[in-house]
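Comments concern the structure below.
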Amino acid sequence: MRFSLTFRVRFSALLVAVAALSLNNAARADVPIVIKFSHVVASDTPKGKAAERFKELAERATKGRVKVEIYPNSQLYKDKDELEALQLGAVQMLAPSLAKFSPLGIREFEVFDLPYIFPTKEVLYRITEGPVGKELLDRLQTKGITGLAFWDNGFKVMSANRPLKVPADFRNQKMRIQPSKVLEAQMRALGAIPQVLDFSEVYQALQSGVVDGTENPPSNFYTQKMYELQPHLTVSNHGYLGYVVIVNRKFWEGLPGSIRVELEGAMREATQYANAIAQNENDRAMEAIRKSGKTVVHQLSDKEREQWRTALAPVHREMEARIGRDLIAAVNREAAREAARDGTKDAARKPAALMGR
């Protein structure tokens with residue numbers, strides 16, 4: 001007899017709940033507390049490496065009282081299932097992409113999907129590490145989730161079966177996206193046809209022609225071997241991909257206080273590591289893609305990039321009601337402050353929402 005995923009997850013959650021009743025006693029009895037950390041990308045991506053670093057730091061800090069089990073590459077759950085699994089307690093920790101929270105009713109996280117909203121990583125980190133980032137994490141509490149940290153994976157490139165140098169090149173191209181209304185609007189603004197697919201299904205979809213192209217940071221494009229199937233890649237840096245490390249709230253709050261403090265320290269160190277390696281990992285991946293000889297890498301000229309920005313600027317205005325005008329304005333203020341500090345007045349550094357106004 002086959003059972004549905006929901007049944008299996010709920011049954012697993014019941015077992016976890018029963019086990020949680022003796023969690024404090026287990027800690028005192030030197031029986032390790034197990035944290036199942038599930039994610040959907042390869043172990044050698046920035047997220048995969050950061051997860052392994054957290055495991056190392058957490059087990060060392062707790063002197064073996066906590067055991068972290070890492071399940072990469074959708075071994076346990078795919079994109080569409082992992083958040084439900086966490087809420088039900090079948091896994092304790094995830095690091096989903098920022099686009100994944102809208103189905104839970106928290107649309108504000110889609111601000112990270114807006115094209116060209118972050119001119120630099122410095123602006124990004126002032127958002128994720130400042131009051132805006134804290135407020136976003138706090139919103140997860142009502143969903144039975146505790147947000148611990150933001151992990152970086154860099155800016156995205158576009159890939160397809162043909163060169164994508166100007167918006168007209170996207171016409172009628174079927175482009176894989178994550179489940180995000182912002183990303184849907186982005187692709188439609190470029191003239192493409194958005195196709196929502198789980199990350200684990202992208203390679204096969206590219207291989208079979210279900211989709212013509214996709215967007216990813218170079219590290220994902222390389223580690224998932226998409227370069228074997230996509231003859232063209234454009235260094236557009238049009239959007240951002242990052243993650244939120246989250247835990248099941250009941251599990252987290254049920255931990256002994258001393259262990260929770262040690263895990264918070266391990267997470268801070270792992271986050272510093274994750275954000276430090278992201279750019280280097282993407283640079284290395286891009287070099288490997290070039291060396292493969294299977295994908296032509298296109299660099300946008302200033303004129304071409306300006307066409308992209310002009311085509312995508314209306315997405316910001318379209319999404320104000322969905323994401324929140326004040327939140328978008330807060331990000332744009334940070335971008336404007338950096339531009340003022342650096343003395344940069346060129347259009348390439350202006351917040352995208354201001355383009356075309």
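Just remember, in the structure tokens the first chain shown is A, the second B, etc., residues are 1-based per chain, and ligands are 1-based in the order shown.
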Report the closest atom pair, with its distance in Å rounded to one decimal, for each residue of segment 69-137 of chain A that has an atom no farther than 10 Å from segment 174-187 of chain A; count only C-alpha atoms, sort by chain and then rising residue number, and write it as a Markdown table.
| residue | atom | partner | partner_atom | distance |
| --- | --- | --- | --- | --- |
| A:Asp79 | CA | A:Gln178 | CA | 9.0 |
| A:Lys80 | CA | A:Pro179 | CA | 8.9 |
| A:Ser97 | CA | A:Gln178 | CA | 8.9 |
| A:Leu98 | CA | A:Ser180 | CA | 9.5 |
| A:Ala99 | CA | A:Ser180 | CA | 5.8 |
| A:Lys100 | CA | A:Pro179 | CA | 6.8 |
| A:Phe101 | CA | A:Ser180 | CA | 9.0 |
| A:Ser102 | CA | A:Ser180 | CA | 7.1 |
| A:Pro103 | CA | A:Pro179 | CA | 8.3 |
| A:Arg107 | CA | A:Ser180 | CA | 9.1 |
| A:Phe109 | CA | A:Ser180 | CA | 9.9 |
| A:Glu110 | CA | A:Val182 | CA | 6.6 |
| A:Val111 | CA | A:Val182 | CA | 8.2 |
| A:Phe112 | CA | A:Val182 | CA | 9.3 |
| A:Asp113 | CA | A:Val182 | CA | 6.2 |
| A:Leu114 | CA | A:Val182 | CA | 6.4 |
| A:Pro115 | CA | A:Gln186 | CA | 7.2 |
Counting only C-alpha atoms, what is within 12 Å of segment 58-66 of chain A, bar same-chain residues fewer than 4 positions away, as a PDB file with N, CA and C atoms, in the first residue's frame?
ATOM      1  N   LEU A  23      13.504  14.830  25.003  1.00  0.00           N
ATOM      2  CA  LEU A  23      14.695  15.493  24.476  1.00  0.00           C
ATOM      3  C   LEU A  23      15.627  15.963  25.592  1.00  0.00           C
ATOM      4  N   ASN A  24      15.068  16.628  26.606  1.00  0.00           N
ATOM      5  CA  ASN A  24      15.917  17.129  27.682  1.00  0.00           C
ATOM      6  C   ASN A  24      16.576  15.992  28.451  1.00  0.00           C
ATOM      7  N   ASN A  25      15.795  14.934  28.688  1.00  0.00           N
ATOM      8  CA  ASN A  25      16.359  13.780  29.380  1.00  0.00           C
ATOM      9  C   ASN A  25      17.466  13.131  28.550  1.00  0.00           C
ATOM     10  N   ALA A  26      17.240  13.095  27.225  1.00  0.00           N
ATOM     11  CA  ALA A  26      18.252  12.512  26.343  1.00  0.00           C
ATOM     12  C   ALA A  26      19.540  13.304  26.409  1.00  0.00           C
ATOM     13  N   ALA A  27      19.401  14.629  26.464  1.00  0.00           N
ATOM     14  CA  ALA A  27      20.601  15.458  26.529  1.00  0.00           C
ATOM     15  C   ALA A  27      21.386  15.165  27.795  1.00  0.00           C
ATOM     16  N   ARG A  28      20.638  14.983  28.922  1.00  0.00           N
ATOM     17  CA  ARG A  28      21.328  14.708  30.177  1.00  0.00           C
ATOM     18  C   ARG A  28      21.943  13.310  30.178  1.00  0.00           C
ATOM     19  N   ALA A  29      21.317  12.424  29.409  1.00  0.00           N
ATOM     20  CA  ALA A  29      21.814  11.044  29.384  1.00  0.00           C
ATOM     21  C   ALA A  29      22.893  10.838  28.327  1.00  0.00           C
ATOM     22  N   ASP A  30      23.372  11.927  27.746  1.00  0.00           N
ATOM     23  CA  ASP A  30      24.431  11.884  26.736  1.00  0.00           C
ATOM     24  C   ASP A  30      24.008  11.169  25.461  1.00  0.00           C
ATOM     25  N   VAL A  31      22.700  11.100  25.228  1.00  0.00           N
ATOM     26  CA  VAL A  31      22.207  10.602  23.938  1.00  0.00           C
ATOM     27  C   VAL A  31      22.124  11.809  23.009  1.00  0.00           C
ATOM     28  N   PRO A  32      22.798  11.790  21.856  1.00  0.00           N
ATOM     29  CA  PRO A  32      22.832  12.984  20.999  1.00  0.00           C
ATOM     30  C   PRO A  32      21.443  13.415  20.537  1.00  0.00           C
ATOM     31  N   ILE A  33      21.242  14.709  20.492  1.00  0.00           N
ATOM     32  CA  ILE A  33      20.056  15.295  19.883  1.00  0.00           C
ATOM     33  C   ILE A  33      20.324  15.380  18.388  1.00  0.00           C
ATOM     34  N   VAL A  34      19.446  14.799  17.594  1.00  0.00           N
ATOM     35  CA  VAL A  34      19.659  14.752  16.146  1.00  0.00           C
ATOM     36  C   VAL A  34      18.954  15.918  15.471  1.00  0.00           C
ATOM     37  N   ILE A  35      19.692  16.636  14.629  1.00  0.00           N
ATOM     38  CA  ILE A  35      19.126  17.676  13.775  1.00  0.00           C
ATOM     39  C   ILE A  35      19.261  17.209  12.335  1.00  0.00           C
ATOM     40  N   LYS A  36      18.141  16.924  11.704  1.00  0.00           N
ATOM     41  CA  LYS A  36      18.152  16.582  10.290  1.00  0.00           C
ATOM     42  C   LYS A  36      18.101  17.877   9.483  1.00  0.00           C
ATOM     43  N   ALA A  50      28.379  25.301   3.418  1.00  0.00           N
ATOM     44  CA  ALA A  50      28.031  25.988   4.666  1.00  0.00           C
ATOM     45  C   ALA A  50      27.292  25.049   5.614  1.00  0.00           C
ATOM     46  N   ALA A  51      26.447  24.181   5.065  1.00  0.00           N
ATOM     47  CA  ALA A  51      25.737  23.209   5.902  1.00  0.00           C
ATOM     48  C   ALA A  51      26.721  22.264   6.574  1.00  0.00           C
ATOM     49  N   GLU A  52      27.712  21.824   5.817  1.00  0.00           N
ATOM     50  CA  GLU A  52      28.732  20.944   6.388  1.00  0.00           C
ATOM     51  C   GLU A  52      29.543  21.669   7.454  1.00  0.00           C
ATOM     52  N   ARG A  53      29.824  22.950   7.233  1.00  0.00           N
ATOM     53  CA  ARG A  53      30.566  23.730   8.232  1.00  0.00           C
ATOM     54  C   ARG A  53      29.736  23.876   9.506  1.00  0.00           C
ATOM     55  N   PHE A  54      28.431  24.125   9.351  1.00  0.00           N
ATOM     56  CA  PHE A  54      27.581  24.211  10.540  1.00  0.00           C
ATOM     57  C   PHE A  54      27.598  22.899  11.305  1.00  0.00           C
ATOM     58  N   LEU A 255      14.790  22.903  23.000  1.00  0.00           N
ATOM     59  CA  LEU A 255      16.174  22.550  23.298  1.00  0.00           C
ATOM     60  C   LEU A 255      16.599  23.132  24.641  1.00  0.00           C
ATOM     61  N   PRO A 256      17.476  22.452  25.359  1.00  0.00           N
ATOM     62  CA  PRO A 256      18.054  23.058  26.560  1.00  0.00           C
ATOM     63  C   PRO A 256      18.704  24.392  26.200  1.00  0.00           C
ATOM     64  N   GLY A 257      18.542  25.382  27.067  1.00  0.00           N
ATOM     65  CA  GLY A 257      19.047  26.718  26.765  1.00  0.00           C
ATOM     66  C   GLY A 257      20.518  26.756  26.428  1.00  0.00           C
ATOM     67  N   SER A 258      21.337  25.979  27.143  1.00  0.00           N
ATOM     68  CA  SER A 258      22.779  26.012  26.901  1.00  0.00           C
ATOM     69  C   SER A 258      23.120  25.475  25.510  1.00  0.00           C
ATOM     70  N   ILE A 259      22.389  24.447  25.074  1.00  0.00           N
ATOM     71  CA  ILE A 259      22.638  23.894  23.741  1.00  0.00           C
ATOM     72  C   ILE A 259      22.199  24.876  22.666  1.00  0.00           C
ATOM     73  N   ARG A 260      21.076  25.542  22.886  1.00  0.00           N
ATOM     74  CA  ARG A 260      20.606  26.515  21.905  1.00  0.00           C
ATOM     75  C   ARG A 260      21.611  27.650  21.740  1.00  0.00           C
ATOM     76  N   VAL A 261      22.188  28.088  22.835  1.00  0.00           N
ATOM     77  CA  VAL A 261      23.202  29.149  22.758  1.00  0.00           C
ATOM     78  C   VAL A 261      24.417  28.673  21.959  1.00  0.00           C
ATOM     79  N   GLU A 262      24.839  27.453  22.196  1.00  0.00           N
ATOM     80  CA  GLU A 262      25.993  26.913  21.459  1.00  0.00           C
ATOM     81  C   GLU A 262      25.686  26.773  19.968  1.00  0.00           C
ATOM     82  N   LEU A 263      24.474  26.370  19.653  1.00  0.00           N
ATOM     83  CA  LEU A 263      24.084  26.241  18.248  1.00  0.00           C
ATOM     84  C   LEU A 263      23.974  27.609  17.574  1.00  0.00           C
ATOM     85  N   GLU A 264      23.505  28.603  18.298  1.00  0.00           N
ATOM     86  CA  GLU A 264      23.440  29.962  17.746  1.00  0.00           C
ATOM     87  C   GLU A 264      24.833  30.475  17.416  1.00  0.00           C
ATOM     88  N   GLY A 265      25.795  30.169  18.294  1.00  0.00           N
ATOM     89  CA  GLY A 265      27.173  30.558  18.012  1.00  0.00           C
ATOM     90  C   GLY A 265      27.720  29.849  16.793  1.00  0.00           C
ATOM     91  N   ALA A 266      27.435  28.551  16.678  1.00  0.00           N
ATOM     92  CA  ALA A 266      27.871  27.786  15.512  1.00  0.00           C
ATOM     93  C   ALA A 266      27.240  28.339  14.233  1.00  0.00           C
ATOM     94  N   MET A 267      25.978  28.753  14.315  1.00  0.00           N
ATOM     95  CA  MET A 267      25.302  29.307  13.143  1.00  0.00           C
ATOM     96  C   MET A 267      25.914  30.641  12.740  1.00  0.00           C
ATOM     97  N   ARG A 268      26.284  31.470  13.696  1.00  0.00           N
ATOM     98  CA  ARG A 268      26.926  32.745  13.359  1.00  0.00           C
ATOM     99  C   ARG A 268      28.224  32.504  12.600  1.00  0.00           C
ATOM    100  N   GLU A 269      29.027  31.561  13.076  1.00  0.00           N
ATOM    101  CA  GLU A 269      30.288  31.259  12.394  1.00  0.00           C
ATOM    102  C   GLU A 269      30.048  30.662  11.020  1.00  0.00           C
ATOM    103  N   ALA A 270      29.069  29.770  10.918  1.00  0.00           N
ATOM    104  CA  ALA A 270      28.763  29.147   9.629  1.00  0.00           C
ATOM    105  C   ALA A 270      28.248  30.186   8.637  1.00  0.00           C
TER     106      ALA A 270
END
Between atom CA of Val297 of chain A and atom CA of Val315 of chain A, measure the distance and give it in Å to one decimal.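 Between atom CA of Val297 of chain A and atom CA of Val315 of chain A the gap is 26.3 Å.
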Secondary structure check, helix (DSSP H, G or I) residues of segment 177-258 of chain A, as a count of residues only: 36
Neighbours of Arg139 of chain A within 12 Å (only C-alpha atoms; same-chain residues fewer than 3 positions away dropped), as a ChimeraX atom specification? /A:101-102,104-109,132-136,142-147
Store the residues picked out above, limited to all heavy atoms, as a CSV table (one decimal), in the first residue's frame.
chain,number,residue,atom,x,y,z
A,101,PHE,N,8.9,31.4,0.5
A,101,PHE,CA,8.0,31.7,1.6
A,101,PHE,C,6.7,32.4,1.2
A,101,PHE,O,5.8,32.4,2.0
A,101,PHE,CB,8.8,32.6,2.6
A,101,PHE,CG,10.0,31.9,3.2
A,101,PHE,CD1,11.2,32.2,2.8
A,101,PHE,CD2,9.8,31.0,4.3
A,101,PHE,CE1,12.3,31.5,3.3
A,101,PHE,CE2,10.9,30.4,4.8
A,101,PHE,CZ,12.2,30.6,4.3
A,102,SER,N,6.6,32.8,0.0
A,102,SER,CA,5.3,33.4,-0.4
A,102,SER,C,4.1,32.4,-0.3
A,102,SER,O,3.1,32.8,0.1
A,102,SER,CB,5.4,33.8,-1.9
A,102,SER,OG,4.2,34.4,-2.3
A,104,LEU,N,3.6,30.4,1.9
A,104,LEU,CA,3.1,30.4,3.4
A,104,LEU,C,2.4,31.7,3.7
A,104,LEU,O,1.9,31.9,4.9
A,104,LEU,CB,4.4,30.3,4.3
A,104,LEU,CG,5.2,29.0,4.2
A,104,LEU,CD1,6.3,29.1,5.2
A,104,LEU,CD2,4.3,27.8,4.5
A,105,GLY,N,2.3,32.6,2.8
A,105,GLY,CA,1.6,33.9,3.0
A,105,GLY,C,2.6,35.0,3.5
A,105,GLY,O,2.1,36.1,3.9
A,106,ILE,N,3.9,34.8,3.4
A,106,ILE,CA,4.9,35.8,3.7
A,106,ILE,C,5.5,36.3,2.4
A,106,ILE,O,6.6,35.9,2.0
A,106,ILE,CB,5.9,35.3,4.7
A,106,ILE,CG1,5.3,34.5,5.8
A,106,ILE,CG2,6.8,36.4,5.2
A,106,ILE,CD1,6.2,33.9,6.8
A,107,ARG,N,4.8,37.2,1.8
A,107,ARG,CA,5.2,37.7,0.5
A,107,ARG,C,6.4,38.7,0.5
A,107,ARG,O,7.0,38.9,-0.5
A,107,ARG,CB,4.0,38.4,-0.2
A,107,ARG,CG,2.9,37.5,-0.5
A,107,ARG,CD,1.7,38.2,-1.1
A,107,ARG,NE,0.6,37.4,-1.4
A,107,ARG,CZ,-0.6,37.8,-1.9
A,107,ARG,NH1,-0.8,39.1,-2.0
A,107,ARG,NH2,-1.5,36.9,-2.2
A,108,GLU,N,6.7,39.2,1.7
A,108,GLU,CA,7.7,40.2,1.8
A,108,GLU,C,9.1,39.6,1.4
A,108,GLU,O,9.9,40.4,0.9
A,108,GLU,CB,7.8,40.7,3.2
A,108,GLU,CG,6.6,41.6,3.6
A,108,GLU,CD,5.5,40.8,4.1
A,108,GLU,OE1,5.5,39.5,4.1
A,108,GLU,OE2,4.5,41.4,4.7
A,109,PHE,N,9.3,38.3,1.5
A,109,PHE,CA,10.6,37.8,1.1
A,109,PHE,C,10.8,37.9,-0.4
A,109,PHE,O,12.0,37.7,-0.8
A,109,PHE,CB,10.7,36.3,1.6
A,109,PHE,CG,11.1,36.1,3.0
A,109,PHE,CD1,10.1,36.0,4.0
A,109,PHE,CD2,12.4,36.1,3.4
A,109,PHE,CE1,10.4,35.8,5.3
A,109,PHE,CE2,12.8,35.9,4.7
A,109,PHE,CZ,11.8,35.8,5.7
A,132,VAL,N,15.7,45.4,8.8
A,132,VAL,CA,14.7,44.8,7.8
A,132,VAL,C,14.9,43.3,7.8
A,132,VAL,O,13.8,42.6,7.8
A,132,VAL,CB,15.0,45.4,6.4
A,132,VAL,CG1,14.2,44.6,5.3
A,132,VAL,CG2,14.7,46.9,6.3
A,133,GLY,N,16.1,42.8,7.8
A,133,GLY,CA,16.3,41.4,7.8
A,133,GLY,C,15.7,40.7,9.1
A,133,GLY,O,15.1,39.7,9.0
A,134,LYS,N,15.9,41.4,10.2
A,134,LYS,CA,15.4,40.9,11.5
A,134,LYS,C,13.8,40.8,11.5
A,134,LYS,O,13.2,39.8,11.9
A,134,LYS,CB,15.8,41.7,12.7
A,134,LYS,CG,15.4,41.2,14.0
A,134,LYS,CD,15.8,42.0,15.2
A,134,LYS,CE,15.4,41.4,16.5
A,134,LYS,NZ,14.0,41.1,16.6
A,135,GLU,N,13.2,41.8,10.9
A,135,GLU,CA,11.8,41.9,10.9
A,135,GLU,C,11.2,40.8,10.0
A,135,GLU,O,10.2,40.1,10.3
A,135,GLU,CB,11.3,43.2,10.3
A,135,GLU,CG,9.8,43.4,10.2
A,135,GLU,CD,9.3,44.7,9.7
A,135,GLU,OE1,10.1,45.6,9.7
A,135,GLU,OE2,8.2,44.8,9.3
A,136,LEU,N,11.9,40.5,8.9
A,136,LEU,CA,11.5,39.4,8.0
A,136,LEU,C,11.6,38.1,8.7
A,136,LEU,O,10.7,37.2,8.6
A,136,LEU,CB,12.4,39.4,6.7
A,136,LEU,CG,12.1,40.5,5.7
A,136,LEU,CD1,13.2,40.5,4.6
A,136,LEU,CD2,10.7,40.4,5.1
A,142,THR,N,5.1,33.0,13.3
A,142,THR,CA,3.6,32.6,13.3
A,142,THR,C,3.4,31.4,12.4
A,142,THR,O,2.3,30.8,12.5
A,142,THR,CB,2.8,33.8,12.7
A,142,THR,OG1,3.2,34.1,11.4
A,142,THR,CG2,2.9,35.0,13.6
A,143,LYS,N,4.3,31.0,11.7
A,143,LYS,CA,4.2,29.8,10.8
A,143,LYS,C,4.9,28.5,11.4
A,143,LYS,O,5.0,27.5,10.8
A,143,LYS,CB,4.8,30.0,9.4
A,143,LYS,CG,4.3,31.2,8.7
A,143,LYS,CD,2.7,31.2,8.5
A,143,LYS,CE,2.2,32.4,7.8
A,143,LYS,NZ,0.8,32.3,7.6
A,144,GLY,N,5.2,28.7,12.7
A,144,GLY,CA,5.9,27.5,13.4
A,144,GLY,C,7.3,27.4,13.0
A,144,GLY,O,7.9,26.3,13.1
A,145,ILE,N,7.9,28.5,12.5
A,145,ILE,CA,9.3,28.5,12.0
A,145,ILE,C,10.1,29.5,12.7
A,145,ILE,O,9.6,30.6,13.0
A,145,ILE,CB,9.3,28.7,10.5
A,145,ILE,CG1,8.6,27.6,9.7
A,145,ILE,CG2,10.8,28.9,10.0
A,145,ILE,CD1,8.3,27.9,8.3
A,146,THR,N,11.4,29.2,13.1
A,146,THR,CA,12.3,30.2,13.6
A,146,THR,C,13.4,30.4,12.6
A,146,THR,O,14.0,29.4,12.1
A,146,THR,CB,12.9,29.7,14.9
A,146,THR,OG1,11.9,29.6,15.9
A,146,THR,CG2,14.0,30.7,15.4
A,147,GLY,N,13.6,31.7,12.2
A,147,GLY,CA,14.6,32.0,11.2
A,147,GLY,C,15.9,32.3,11.9
A,147,GLY,O,16.0,33.1,12.9
Atom CA of Pro163 of chain A to atom CA of His232 of chain A: how many Å, to one decimal?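 Spanning atom CA of Pro163 of chain A to atom CA of His232 of chain A is a straight-line distance of 5.5 Å.
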Got a sec to tell me which of segment 281-357 of chain A DSSP assigns to strand (DSSP E), as a PyMOL selection string? chain A and resi 296-299
Those same residues - N, CA and C atoms - I'd like them written as a compact mmCIF listing (two decimals), in the first residue's frame.
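And here is the file that came out, selection22.txt:
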# COMPACT_ATOMS: atom_id res chain seq x y z
N VAL A 296 28.94 28.83 -24.31
CA VAL A 296 29.47 30.14 -24.67
C VAL A 296 29.00 31.16 -23.63
N VAL A 297 29.94 31.87 -23.03
CA VAL A 297 29.62 32.85 -22.00
C VAL A 297 29.58 34.24 -22.62
N HIS A 298 28.43 34.90 -22.49
CA HIS A 298 28.23 36.23 -23.06
C HIS A 298 28.28 37.29 -21.97
N GLN A 299 29.05 38.32 -22.19
CA GLN A 299 29.10 39.48 -21.30
C GLN A 299 28.26 40.59 -21.90
I want to know what sits within 9 Å of Phe221 of chain A, based on only C-alpha atoms, with residues of the same chain fewer than 6 positions away left out; could you give that as a PyMOL selection string? chain A and resi 157+159+215+227+285-286+289
So, with only C-alpha atoms as the atoms that count, which of A:Ser208, A:Gln195, A:Ser200, A:Gln92 lies closest to Pro72 of chain A?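 Closest residue, counting only C-alpha atoms: A:Ser200.
The protein and nucleic acid residues lying at most 10 Å from Glu334 of chain A are Phe118, Pro119, Glu122, Val123, Leu124, Arg126, Ile127, Ala329, Ala330, Val331, Arg337, Glu338, Ala339, Ala340 and Pro351 of chain A, with only C-alpha atoms considered and sequence neighbours fewer than 3 positions away removed.
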Please produce a file of those selected residues containing N, CA and C atoms, as a CSV table (one decimal), in the first residue's frame.
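Wrote result32.csv, looks like this:
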chain,number,residue,atom,x,y,z
A,118,PHE,N,19.5,45.0,-5.9
A,118,PHE,CA,20.7,45.1,-5.1
A,118,PHE,C,21.9,45.5,-6.0
A,119,PRO,N,22.3,46.7,-6.0
A,119,PRO,CA,23.5,47.1,-6.8
A,119,PRO,C,24.8,46.4,-6.4
A,122,GLU,N,27.2,44.9,-0.6
A,122,GLU,CA,27.2,45.7,0.6
A,122,GLU,C,25.8,46.1,0.9
A,123,VAL,N,25.0,46.5,-0.1
A,123,VAL,CA,23.6,46.9,0.1
A,123,VAL,C,22.8,45.7,0.6
A,124,LEU,N,23.0,44.6,0.0
A,124,LEU,CA,22.3,43.3,0.3
A,124,LEU,C,22.6,43.0,1.8
A,126,ARG,N,23.5,44.9,4.3
A,126,ARG,CA,22.9,45.9,5.2
A,126,ARG,C,21.4,45.6,5.4
A,127,ILE,N,20.8,45.0,4.4
A,127,ILE,CA,19.4,44.6,4.5
A,127,ILE,C,19.2,43.4,5.3
A,329,ALA,N,11.0,50.5,-0.9
A,329,ALA,CA,11.6,51.8,-0.7
A,329,ALA,C,12.8,51.7,0.3
A,330,ALA,N,12.7,50.9,1.3
A,330,ALA,CA,13.8,50.7,2.3
A,330,ALA,C,15.0,50.2,1.6
A,331,VAL,N,14.9,49.2,0.7
A,331,VAL,CA,16.0,48.7,0.0
A,331,VAL,C,16.6,49.7,-0.9
A,337,ARG,N,22.0,55.4,-0.7
A,337,ARG,CA,23.0,55.9,0.3
A,337,ARG,C,24.4,55.4,-0.2
A,338,GLU,N,24.5,54.2,-0.7
A,338,GLU,CA,25.8,53.7,-1.1
A,338,GLU,C,26.2,54.5,-2.3
A,339,ALA,N,25.3,54.7,-3.3
A,339,ALA,CA,25.7,55.5,-4.5
A,339,ALA,C,26.2,56.9,-4.1
A,340,ALA,N,25.5,57.5,-3.1
A,340,ALA,CA,26.0,58.8,-2.6
A,340,ALA,C,27.3,58.8,-2.0
A,351,PRO,N,18.9,52.3,-8.1
A,351,PRO,CA,17.9,51.3,-7.9
A,351,PRO,C,17.0,51.1,-9.1
Leaving out Ala288 of chain A and any residue of its chain fewer than 6 positions from it, which residues lie within 10 Å of it when counting only C-alpha atoms, given as a PyMOL selection string? chain A and resi 218-219+222+227+282
Output all heavy atoms of each residue in that selection to a file, as a PDB file, in the first residue's frame.
ATOM      1  N   PRO A 218      26.193  30.910 -10.939  1.00  0.00           N
ATOM      2  CA  PRO A 218      27.075  29.985 -11.648  1.00  0.00           C
ATOM      3  C   PRO A 218      27.355  28.695 -10.890  1.00  0.00           C
ATOM      4  O   PRO A 218      27.488  27.631 -11.508  1.00  0.00           O
ATOM      5  CB  PRO A 218      28.359  30.808 -11.838  1.00  0.00           C
ATOM      6  CG  PRO A 218      27.878  32.224 -11.877  1.00  0.00           C
ATOM      7  CD  PRO A 218      26.740  32.281 -10.898  1.00  0.00           C
ATOM      8  N   SER A 219      27.426  28.753  -9.558  1.00  0.00           N
ATOM      9  CA  SER A 219      27.746  27.536  -8.790  1.00  0.00           C
ATOM     10  C   SER A 219      26.670  26.477  -8.965  1.00  0.00           C
ATOM     11  O   SER A 219      26.970  25.290  -9.098  1.00  0.00           O
ATOM     12  CB  SER A 219      27.928  27.872  -7.297  1.00  0.00           C
ATOM     13  OG  SER A 219      26.741  28.442  -6.766  1.00  0.00           O
ATOM     14  N   TYR A 222      26.858  25.060 -12.579  1.00  0.00           N
ATOM     15  CA  TYR A 222      27.978  24.145 -12.798  1.00  0.00           C
ATOM     16  C   TYR A 222      27.798  22.823 -12.049  1.00  0.00           C
ATOM     17  O   TYR A 222      27.954  21.741 -12.626  1.00  0.00           O
ATOM     18  CB  TYR A 222      29.290  24.801 -12.374  1.00  0.00           C
ATOM     19  CG  TYR A 222      30.487  23.904 -12.610  1.00  0.00           C
ATOM     20  CD1 TYR A 222      30.907  23.589 -13.898  1.00  0.00           C
ATOM     21  CD2 TYR A 222      31.182  23.351 -11.533  1.00  0.00           C
ATOM     22  CE1 TYR A 222      31.994  22.752 -14.120  1.00  0.00           C
ATOM     23  CE2 TYR A 222      32.268  22.518 -11.745  1.00  0.00           C
ATOM     24  CZ  TYR A 222      32.665  22.219 -13.043  1.00  0.00           C
ATOM     25  OH  TYR A 222      33.736  21.376 -13.248  1.00  0.00           O
ATOM     26  N   TYR A 227      25.628  23.047 -17.678  1.00  0.00           N
ATOM     27  CA  TYR A 227      26.490  23.471 -18.785  1.00  0.00           C
ATOM     28  C   TYR A 227      26.603  22.391 -19.866  1.00  0.00           C
ATOM     29  O   TYR A 227      26.947  22.687 -21.014  1.00  0.00           O
ATOM     30  CB  TYR A 227      27.877  23.849 -18.262  1.00  0.00           C
ATOM     31  CG  TYR A 227      28.676  22.690 -17.704  1.00  0.00           C
ATOM     32  CD1 TYR A 227      29.532  21.969 -18.523  1.00  0.00           C
ATOM     33  CD2 TYR A 227      28.569  22.325 -16.367  1.00  0.00           C
ATOM     34  CE1 TYR A 227      30.265  20.896 -18.018  1.00  0.00           C
ATOM     35  CE2 TYR A 227      29.283  21.262 -15.859  1.00  0.00           C
ATOM     36  CZ  TYR A 227      30.127  20.552 -16.679  1.00  0.00           C
ATOM     37  OH  TYR A 227      30.844  19.490 -16.186  1.00  0.00           O
ATOM     38  N   ASN A 282      31.349  30.991  -6.863  1.00  0.00           N
ATOM     39  CA  ASN A 282      30.741  31.334  -8.148  1.00  0.00           C
ATOM     40  C   ASN A 282      31.780  31.709  -9.190  1.00  0.00           C
ATOM     41  O   ASN A 282      31.641  31.370 -10.364  1.00  0.00           O
ATOM     42  CB  ASN A 282      29.723  32.467  -7.959  1.00  0.00           C
ATOM     43  CG  ASN A 282      28.395  31.966  -7.412  1.00  0.00           C
ATOM     44  OD1 ASN A 282      27.770  31.089  -7.996  1.00  0.00           O
ATOM     45  ND2 ASN A 282      27.967  32.504  -6.292  1.00  0.00           N
TER      46      ASN A 282
END
The distance between atom CA of Asn216 of chain A and atom CA of Gly239 of chain A is 9.0 Å
Write out as a VMD selection string which residues come within 8 Å of segment 74-76 of chain A when counting only C-alpha atoms, dropping same-chain ones fewer than 5 positions away. chain A and resid 38 to 41 200
Keeping C-alpha atoms for every residue in the selection just given, could you write it to a file as a PDB file, in the first residue's frame?
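Listed below is the output, selection07.pdb:
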ATOM      1  CA  SER A  38      17.747  18.878   4.459  1.00  0.00           C
ATOM      2  CA  HIS A  39      18.479  20.919   1.332  1.00  0.00           C
ATOM      3  CA  VAL A  40      18.029  20.618  -2.428  1.00  0.00           C
ATOM      4  CA  VAL A  41      21.444  21.500  -3.877  1.00  0.00           C
ATOM      5  CA  SER A 200      15.763  18.595  -8.747  1.00  0.00           C
TER       6      SER A 200
END
